[in-house]
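Participant: So here's query28.txt, just compact mmCIF, C-alpha atoms:
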# COMPACT_ATOMS: atom_id res chain seq x y z
CA MET B 1 66.43 -13.16 -60.31
CA THR B 2 63.19 -12.07 -58.62
CA PRO B 3 59.94 -13.70 -59.63
CA ASN B 4 58.08 -10.41 -60.26
CA SER B 5 60.65 -8.91 -62.62
CA ASP B 6 59.92 -11.47 -65.31
CA LEU B 7 56.19 -10.71 -65.51
CA PRO B 8 55.09 -8.28 -68.17
CA ILE B 9 53.04 -5.27 -67.00
CA PRO B 10 49.62 -5.29 -68.68
CA PRO B 11 48.83 -2.09 -70.58
CA ASP B 12 45.52 -1.56 -68.69
CA ALA B 13 46.97 -1.83 -65.18
CA GLY B 14 45.87 0.79 -62.59
CA MET B 15 43.14 3.40 -62.94
CA SER B 16 42.76 6.09 -65.52
CA LEU B 17 42.24 9.70 -64.59
CA ILE B 18 38.57 9.49 -65.58
CA GLU B 19 38.00 6.51 -63.26
CA VAL B 20 39.64 8.34 -60.36
CA LEU B 21 37.52 11.44 -60.98
CA VAL B 22 34.32 9.37 -61.13
CA ALA B 23 35.20 7.67 -57.82
CA VAL B 24 35.93 11.04 -56.16
CA PHE B 25 32.65 12.46 -57.54
CA ILE B 26 30.66 9.52 -56.12
CA MET B 27 32.28 9.94 -52.70
CA ALA B 28 31.59 13.70 -52.76
CA MET B 29 27.92 13.08 -53.61
CA ALA B 30 27.61 10.57 -50.75
CA ALA B 31 29.25 13.01 -48.31
CA GLY B 32 26.93 15.79 -49.49
CA MET B 33 23.85 13.64 -48.92
CA VAL B 34 25.01 12.74 -45.43
CA ALA B 35 25.71 16.39 -44.60
CA MET B 36 22.27 17.48 -45.85
CA THR B 37 20.45 14.93 -43.71
CA MET B 38 22.27 15.87 -40.51
CA ARG B 39 20.14 17.92 -38.12
CA ALA B 40 21.38 21.24 -36.85
CA PRO B 41 21.79 21.40 -33.07
CA ALA B 42 18.47 22.27 -31.43
CA ASP B 43 18.06 25.71 -29.93
CA PRO B 44 17.18 25.36 -26.22
CA LEU B 45 15.03 28.50 -26.31
CA GLU B 46 12.93 27.16 -29.19
CA GLU B 47 12.69 23.75 -27.50
CA ALA B 48 11.34 25.43 -24.34
CA ALA B 49 8.79 27.47 -26.34
CA THR B 50 7.65 24.35 -28.19
CA ARG B 51 7.27 22.43 -24.93
CA LEU B 52 5.34 25.32 -23.36
CA GLU B 53 3.05 25.51 -26.39
CA ARG B 54 2.39 21.76 -26.29
CA ASP B 55 1.66 21.81 -22.53
CA ILE B 56 -0.73 24.76 -22.81
CA THR B 57 -2.59 23.09 -25.68
CA SER B 58 -2.80 19.82 -23.73
CA ALA B 59 -4.02 21.64 -20.60
CA MET B 60 -6.70 23.41 -22.66
CA ASP B 61 -7.88 20.06 -24.03
CA LEU B 62 -7.86 18.59 -20.53
CA ALA B 63 -9.96 21.48 -19.19
CA LEU B 64 -12.53 20.93 -21.92
CA VAL B 65 -12.69 17.15 -21.43
CA THR B 66 -12.67 16.98 -17.62
CA GLY B 67 -14.66 20.11 -16.84
CA ALA B 68 -11.97 21.29 -14.39
CA PRO B 69 -10.05 24.51 -15.09
CA GLN B 70 -6.33 24.03 -15.67
CA GLY B 71 -3.46 26.44 -15.24
CA LEU B 72 0.26 27.02 -15.31
CA LYS B 73 2.10 28.59 -12.37
CA LEU B 74 5.47 30.04 -13.22
CA THR B 75 8.39 28.93 -11.07
CA GLY B 76 11.96 30.11 -10.91
CA GLN B 77 13.25 27.62 -13.47
CA GLY B 78 10.09 26.61 -15.34
CA TYR B 79 6.40 26.10 -14.62
CA GLN B 80 4.01 23.82 -12.81
CA LEU B 81 0.78 22.43 -14.23
CA VAL B 82 -2.13 22.94 -11.81
CA THR B 83 -5.81 22.06 -11.75
CA TRP B 84 -8.74 23.62 -9.90
CA ARG B 85 -10.17 21.12 -7.39
CA ASN B 86 -11.88 21.58 -4.04
CA GLN B 87 -11.78 25.37 -4.38
CA THR B 88 -7.99 25.51 -4.67
CA TRP B 89 -5.25 25.13 -7.28
CA LEU B 90 -3.57 21.73 -6.89
CA PRO B 91 -0.59 20.30 -8.77
CA ALA B 92 -1.74 18.38 -11.84
CA ALA B 93 -0.41 15.21 -13.39
CA GLY B 94 2.77 15.99 -15.24
CA GLY B 95 4.21 17.93 -12.32
CA THR B 96 6.77 20.64 -12.65
CA VAL B 97 8.58 21.35 -15.90
CA THR B 98 12.11 22.64 -15.44
CA PHE B 99 13.90 24.40 -18.27
CA THR B 100 17.45 23.39 -19.06
CA ARG B 101 20.48 25.19 -20.43
CA ASN B 102 19.87 28.63 -18.88
CA VAL B 103 16.33 29.12 -20.24
CA ALA B 104 13.99 31.00 -17.87
CA PHE B 105 10.97 33.27 -17.86
CA ASP B 106 11.61 37.01 -17.95
CA ARG B 107 10.88 37.91 -14.32
CA SER B 108 10.62 41.65 -14.90
CA ARG B 109 7.42 41.35 -16.96
CA SER B 110 5.53 38.97 -14.71
CA PRO B 111 2.62 40.70 -12.96
CA GLN B 112 3.03 38.39 -9.96
CA ALA B 113 6.17 37.39 -8.13
CA LEU B 114 7.54 34.10 -9.35
CA THR B 115 7.34 31.37 -6.78
CA SER B 116 9.48 28.32 -6.32
CA ASN B 117 6.76 26.06 -5.04
CA GLY B 118 7.58 22.41 -4.88
CA PRO B 119 5.29 19.54 -5.71
CA GLY B 120 2.28 19.37 -3.42
CA SER B 121 2.19 23.10 -2.82
CA THR B 122 -1.24 24.67 -2.48
CA ASN B 123 -0.24 28.28 -2.83
CA GLU B 124 -3.49 30.27 -3.08
CA THR B 125 -2.21 32.72 -5.69
CA PRO B 126 -3.88 32.07 -9.04
CA PRO B 127 -1.71 30.71 -11.84
CA GLU B 128 -0.36 33.07 -14.49
CA VAL B 129 -2.14 31.07 -17.20
CA ILE B 130 -5.74 29.96 -16.59
CA LEU B 131 -7.53 27.69 -19.08
CA ASP B 132 -11.19 27.32 -18.27
CA THR B 133 -13.80 24.74 -19.19
CA THR B 134 -15.42 26.87 -21.89
CA GLY B 135 -12.30 26.89 -24.07
CA THR B 136 -11.07 30.34 -23.13
CA ALA B 137 -7.71 31.35 -21.74
CA GLN B 138 -6.57 34.17 -19.49
CA ALA B 139 -2.90 34.99 -19.69
CA ASP B 140 -0.46 37.80 -20.27
CA PRO B 141 2.28 37.13 -22.83
CA LEU B 142 5.05 34.96 -21.39
CA VAL B 143 8.62 35.83 -22.29
CA LEU B 144 11.28 33.13 -22.36
CA GLU B 145 14.89 34.25 -22.31
CA ARG B 146 18.31 32.72 -22.68
CA ASP B 147 21.36 34.91 -22.56
CA ARG B 148 20.21 37.97 -24.55
CA ARG B 149 17.72 36.19 -26.79
CA ARG B 150 14.00 36.23 -26.06
CA ILE B 151 10.85 34.54 -27.31
CA GLU B 152 7.44 35.97 -26.48
CA VAL B 153 4.75 33.31 -26.16
CA THR B 154 1.26 34.74 -26.66
CA ILE B 155 -1.88 32.91 -25.58
CA SER B 156 -5.01 34.25 -27.26
CA PRO B 157 -8.40 34.21 -25.49
CA ASP B 158 -9.43 31.15 -27.53
CA GLY B 159 -6.38 29.25 -26.22
CA THR B 160 -4.29 29.46 -29.39
CA VAL B 161 -0.59 29.65 -28.56
CA THR B 162 1.75 31.56 -30.89
CA TRP B 163 5.42 32.41 -30.74
CA GLU B 164 8.10 33.33 -33.19
CA ALA B 165 11.76 32.45 -33.14
CA PRO B 166 13.93 35.52 -32.55
CA ASN B 167 15.93 35.09 -35.76
CA ALA B 168 13.04 34.00 -38.00
Could the structure of this file be written out as structure tokens, please?
Facilitator:
Amino acid sequence: MTPNSDLPIPPDAGMSLIEVLVAVFIMAMAAGMVAMTMRAPADPLEEAATRLERDITSAMDLALVTGAPQGLKLTGQGYQLVTWRNQTWLPAAGGTVTFTRNVAFDRSRSPQALTSNGPGSTNETPPEVILDTTGTAQADPLVLERDRRRIEVTISPDGTVTWEAPNA
């Protein structure tokens, strides 16, 4: 005789169908909340445009505060922050910004040839973006591209930077 065979089974043993459905519903709600709070993978093209916008705005503020014109020189894989000192454009603090994941400027629209100057370069060509001490900017639209997608970054004369995501 086994010890468990003599025990009576209580009538309320186990879970009812309603209890199982409630438990499944609670787990589905929790999974839905987790899925809604997860961030979509960031688009490298939009990240580059956001970084460029932030750097241009910071350079404009720096030009106003220090009284020294600031600029951005385009390079093969990104751009270099420069400042006007001693009658020449010198690399600024912050150095060169290099884009990642195949993001680059559209070279066909640049009025000047893109250079690949390293840190410490004193190339006498003016930067593609010039931000002066009066709060004005001089720049043609900059086009960022990745694969076949493009974002055009526009810098207005008052230094306001605008861009729109390609699929917005």
Participant: Do you have the atom CA of B:Ile151-atom CA of B:Thr136 distance handy?
Facilitator: 22.7 Å
Participant: Please tell me which residues are no farther than 12 Å from (10.5, 26.6, -29.0) in the file, counting all atoms listed in the file, and write them as a PyMOL selection string.
Facilitator: chain B and resi 42-55+99+103+143-146+150-153+161-166+168
Participant: Edge lengths and centre, in Å to one decimal, as lines of an AutoDock Vina configuration file: that's what I need for the box along x, y and z that holds all listed atoms of stretch 94-106 of chain B plus 4 Å on each side.
Facilitator:
center_x = 11.6
center_y = 26.5
center_z = -16.4
size_x = 25.7
size_y = 29.0
size_z = 16.1
Participant: Between atom CA of B:Leu64 and atom CA of B:Gly76, what is the distance in Å, rounded to a tenth?
Facilitator: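 Interatomic distance here is 28.4 Å.
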Participant: Name the closest residue to B:Arg101 among the candidates B:Leu142, B:Asp147, B:Leu72, B:Asp158; distances are taken between atoms, counting all atoms listed in the file.
Facilitator: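 For B:Arg101, the nearest of the candidates is B:Asp147.
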Participant: For atom CA of B:Ala68 and atom CA of B:Ala137, determine how far apart the two atoms are, in Å to one decimal place.
Facilitator: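 That distance, rounded to one decimal, is 13.2 Å.
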Participant: May I have the residues within 10 Å of B:Glu124 as a ChimeraX atom specification, using all atoms listed in the file and disregarding those fewer than 5 positions away in the same chain?
Facilitator: /B:87-90
Participant: Can those selected residues be exported to a file as a PDB file, in the coordinates of the input so that it contains C-alpha atoms?
Facilitator:
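Result written to selection-v2.pdb:
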ATOM      1  CA  GLN B  87     -11.780  25.370  -4.380  1.00  0.00           C
ATOM      2  CA  THR B  88      -7.990  25.510  -4.670  1.00  0.00           C
ATOM      3  CA  TRP B  89      -5.250  25.130  -7.280  1.00  0.00           C
ATOM      4  CA  LEU B  90      -3.570  21.730  -6.890  1.00  0.00           C
TER       5      LEU B  90
END
Participant: Which is closer to B:Arg107 than all the others in B:Thr75, B:Ser58, B:Thr66, B:Thr37, using all atoms listed in the file?
Facilitator: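 Answer, going by the shortest atom-to-atom distance: B:Thr75.
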Participant: Smallest atom-to-atom distance to B:Pro69: which of B:Thr57, B:Thr96, B:Asn102, B:Thr83, using only C-alpha atoms?
Facilitator: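 Using only C-alpha atoms, B:Pro69 sits closest to B:Thr83.
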Participant: When you count all atoms listed in the file, which of these residues is closest to B:Gln77: B:Ala92, B:Ala13, B:Ala104, B:Val65?
Facilitator: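 Closest residue, counting all atoms listed in the file: B:Ala104.
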Participant: Which residues are close to B:Gln70, i.e. within 6 Å by all atoms listed in the file, leaving aside same-chain residues fewer than 5 positions away? Reply as a CSV table (one decimal) with C-alpha atoms, in the coordinates of the input.
Facilitator:
chain,number,residue,atom,x,y,z
B,59,ALA,CA,-4.0,21.6,-20.6
B,63,ALA,CA,-10.0,21.5,-19.2
B,82,VAL,CA,-2.1,22.9,-11.8
B,83,THR,CA,-5.8,22.1,-11.8
B,131,LEU,CA,-7.5,27.7,-19.1
Participant: My structure is short of atoms at stretch 137-148 of chain B; please model all heavy atoms there, returning them as a PDB file, keeping the file's coordinate frame.
Facilitator:
ATOM      1  N   ALA B 137      -8.960  31.257 -22.510  1.00  0.00           N
ATOM      2  CA  ALA B 137      -7.710  31.350 -21.740  1.00  0.00           C
ATOM      3  C   ALA B 137      -7.530  32.766 -21.232  1.00  0.00           C
ATOM      4  O   ALA B 137      -7.934  33.732 -21.883  1.00  0.00           O
ATOM      5  CB  ALA B 137      -6.529  30.965 -22.623  1.00  0.00           C
ATOM      6  N   GLN B 138      -6.920  32.877 -20.073  1.00  0.00           N
ATOM      7  CA  GLN B 138      -6.570  34.170 -19.490  1.00  0.00           C
ATOM      8  C   GLN B 138      -5.074  34.140 -19.209  1.00  0.00           C
ATOM      9  O   GLN B 138      -4.621  33.345 -18.377  1.00  0.00           O
ATOM     10  CB  GLN B 138      -7.326  34.396 -18.187  1.00  0.00           C
ATOM     11  CG  GLN B 138      -8.820  34.395 -18.320  1.00  0.00           C
ATOM     12  CD  GLN B 138      -9.496  34.448 -16.960  1.00  0.00           C
ATOM     13  OE1 GLN B 138      -8.869  34.710 -15.946  1.00  0.00           O
ATOM     14  NE2 GLN B 138     -10.783  34.194 -16.959  1.00  0.00           N
ATOM     15  N   ALA B 139      -4.344  34.964 -19.906  1.00  0.00           N
ATOM     16  CA  ALA B 139      -2.900  34.990 -19.690  1.00  0.00           C
ATOM     17  C   ALA B 139      -2.286  36.214 -20.328  1.00  0.00           C
ATOM     18  O   ALA B 139      -2.725  36.660 -21.392  1.00  0.00           O
ATOM     19  CB  ALA B 139      -2.251  33.736 -20.270  1.00  0.00           C
ATOM     20  N   ASP B 140      -1.295  36.770 -19.670  1.00  0.00           N
ATOM     21  CA  ASP B 140      -0.460  37.800 -20.270  1.00  0.00           C
ATOM     22  C   ASP B 140       0.594  37.082 -21.102  1.00  0.00           C
ATOM     23  O   ASP B 140       0.878  35.903 -20.873  1.00  0.00           O
ATOM     24  CB  ASP B 140       0.219  38.633 -19.184  1.00  0.00           C
ATOM     25  CG  ASP B 140      -0.764  39.525 -18.436  1.00  0.00           C
ATOM     26  OD1 ASP B 140      -1.751  39.955 -19.060  1.00  0.00           O
ATOM     27  OD2 ASP B 140      -0.534  39.773 -17.237  1.00  0.00           O
ATOM     28  N   PRO B 141       1.208  37.774 -22.068  1.00  0.00           N
ATOM     29  CA  PRO B 141       2.280  37.130 -22.830  1.00  0.00           C
ATOM     30  C   PRO B 141       3.406  36.667 -21.887  1.00  0.00           C
ATOM     31  O   PRO B 141       3.740  37.357 -20.932  1.00  0.00           O
ATOM     32  CB  PRO B 141       2.772  38.231 -23.767  1.00  0.00           C
ATOM     33  CG  PRO B 141       1.616  39.166 -23.882  1.00  0.00           C
ATOM     34  CD  PRO B 141       0.915  39.112 -22.558  1.00  0.00           C
ATOM     35  N   LEU B 142       3.938  35.510 -22.161  1.00  0.00           N
ATOM     36  CA  LEU B 142       5.050  34.960 -21.390  1.00  0.00           C
ATOM     37  C   LEU B 142       6.321  35.134 -22.209  1.00  0.00           C
ATOM     38  O   LEU B 142       6.331  34.848 -23.408  1.00  0.00           O
ATOM     39  CB  LEU B 142       4.817  33.487 -21.094  1.00  0.00           C
ATOM     40  CG  LEU B 142       3.512  33.144 -20.389  1.00  0.00           C
ATOM     41  CD1 LEU B 142       3.329  31.635 -20.320  1.00  0.00           C
ATOM     42  CD2 LEU B 142       3.495  33.745 -19.000  1.00  0.00           C
ATOM     43  N   VAL B 143       7.378  35.600 -21.581  1.00  0.00           N
ATOM     44  CA  VAL B 143       8.620  35.830 -22.290  1.00  0.00           C
ATOM     45  C   VAL B 143       9.672  34.858 -21.769  1.00  0.00           C
ATOM     46  O   VAL B 143       9.990  34.847 -20.575  1.00  0.00           O
ATOM     47  CB  VAL B 143       9.111  37.289 -22.119  1.00  0.00           C
ATOM     48  CG1 VAL B 143      10.442  37.493 -22.826  1.00  0.00           C
ATOM     49  CG2 VAL B 143       8.071  38.258 -22.641  1.00  0.00           C
ATOM     50  N   LEU B 144      10.181  34.041 -22.673  1.00  0.00           N
ATOM     51  CA  LEU B 144      11.280  33.130 -22.360  1.00  0.00           C
ATOM     52  C   LEU B 144      12.576  33.815 -22.776  1.00  0.00           C
ATOM     53  O   LEU B 144      12.626  34.481 -23.818  1.00  0.00           O
ATOM     54  CB  LEU B 144      11.130  31.820 -23.127  1.00  0.00           C
ATOM     55  CG  LEU B 144       9.953  30.943 -22.741  1.00  0.00           C
ATOM     56  CD1 LEU B 144       9.786  29.817 -23.761  1.00  0.00           C
ATOM     57  CD2 LEU B 144      10.158  30.372 -21.363  1.00  0.00           C
ATOM     58  N   GLU B 145      13.619  33.637 -21.962  1.00  0.00           N
ATOM     59  CA  GLU B 145      14.890  34.250 -22.310  1.00  0.00           C
ATOM     60  C   GLU B 145      16.041  33.291 -22.044  1.00  0.00           C
ATOM     61  O   GLU B 145      15.980  32.435 -21.165  1.00  0.00           O
ATOM     62  CB  GLU B 145      15.086  35.567 -21.574  1.00  0.00           C
ATOM     63  CG  GLU B 145      15.138  35.438 -20.072  1.00  0.00           C
ATOM     64  CD  GLU B 145      15.252  36.782 -19.367  1.00  0.00           C
ATOM     65  OE1 GLU B 145      15.326  37.823 -20.044  1.00  0.00           O
ATOM     66  OE2 GLU B 145      15.280  36.774 -18.136  1.00  0.00           O
ATOM     67  N   ARG B 146      17.056  33.465 -22.852  1.00  0.00           N
ATOM     68  CA  ARG B 146      18.310  32.720 -22.680  1.00  0.00           C
ATOM     69  C   ARG B 146      19.414  33.644 -23.166  1.00  0.00           C
ATOM     70  O   ARG B 146      19.406  34.066 -24.324  1.00  0.00           O
ATOM     71  CB  ARG B 146      18.309  31.430 -23.493  1.00  0.00           C
ATOM     72  CG  ARG B 146      19.608  30.666 -23.350  1.00  0.00           C
ATOM     73  CD  ARG B 146      19.515  29.318 -24.059  1.00  0.00           C
ATOM     74  NE  ARG B 146      20.674  28.526 -23.765  1.00  0.00           N
ATOM     75  CZ  ARG B 146      21.660  28.316 -24.628  1.00  0.00           C
ATOM     76  NH1 ARG B 146      21.610  28.810 -25.836  1.00  0.00           N
ATOM     77  NH2 ARG B 146      22.693  27.592 -24.270  1.00  0.00           N
ATOM     78  N   ASP B 147      20.321  33.925 -22.285  1.00  0.00           N
ATOM     79  CA  ASP B 147      21.360  34.910 -22.560  1.00  0.00           C
ATOM     80  C   ASP B 147      20.674  36.229 -22.944  1.00  0.00           C
ATOM     81  O   ASP B 147      19.936  36.767 -22.168  1.00  0.00           O
ATOM     82  CB  ASP B 147      22.336  34.413 -23.630  1.00  0.00           C
ATOM     83  CG  ASP B 147      23.020  33.111 -23.212  1.00  0.00           C
ATOM     84  OD1 ASP B 147      23.273  32.939 -22.002  1.00  0.00           O
ATOM     85  OD2 ASP B 147      23.273  32.260 -24.083  1.00  0.00           O
ATOM     86  N   ARG B 148      20.858  36.719 -24.144  1.00  0.00           N
ATOM     87  CA  ARG B 148      20.210  37.970 -24.550  1.00  0.00           C
ATOM     88  C   ARG B 148      19.091  37.740 -25.557  1.00  0.00           C
ATOM     89  O   ARG B 148      18.508  38.688 -26.056  1.00  0.00           O
ATOM     90  CB  ARG B 148      21.247  38.905 -25.161  1.00  0.00           C
ATOM     91  CG  ARG B 148      22.238  39.340 -24.129  1.00  0.00           C
ATOM     92  CD  ARG B 148      23.176  40.338 -24.676  1.00  0.00           C
ATOM     93  NE  ARG B 148      24.087  40.731 -23.603  1.00  0.00           N
ATOM     94  CZ  ARG B 148      25.120  41.489 -23.777  1.00  0.00           C
ATOM     95  NH1 ARG B 148      25.388  41.943 -24.973  1.00  0.00           N
ATOM     96  NH2 ARG B 148      25.887  41.790 -22.779  1.00  0.00           N
TER      97      ARG B 148
END
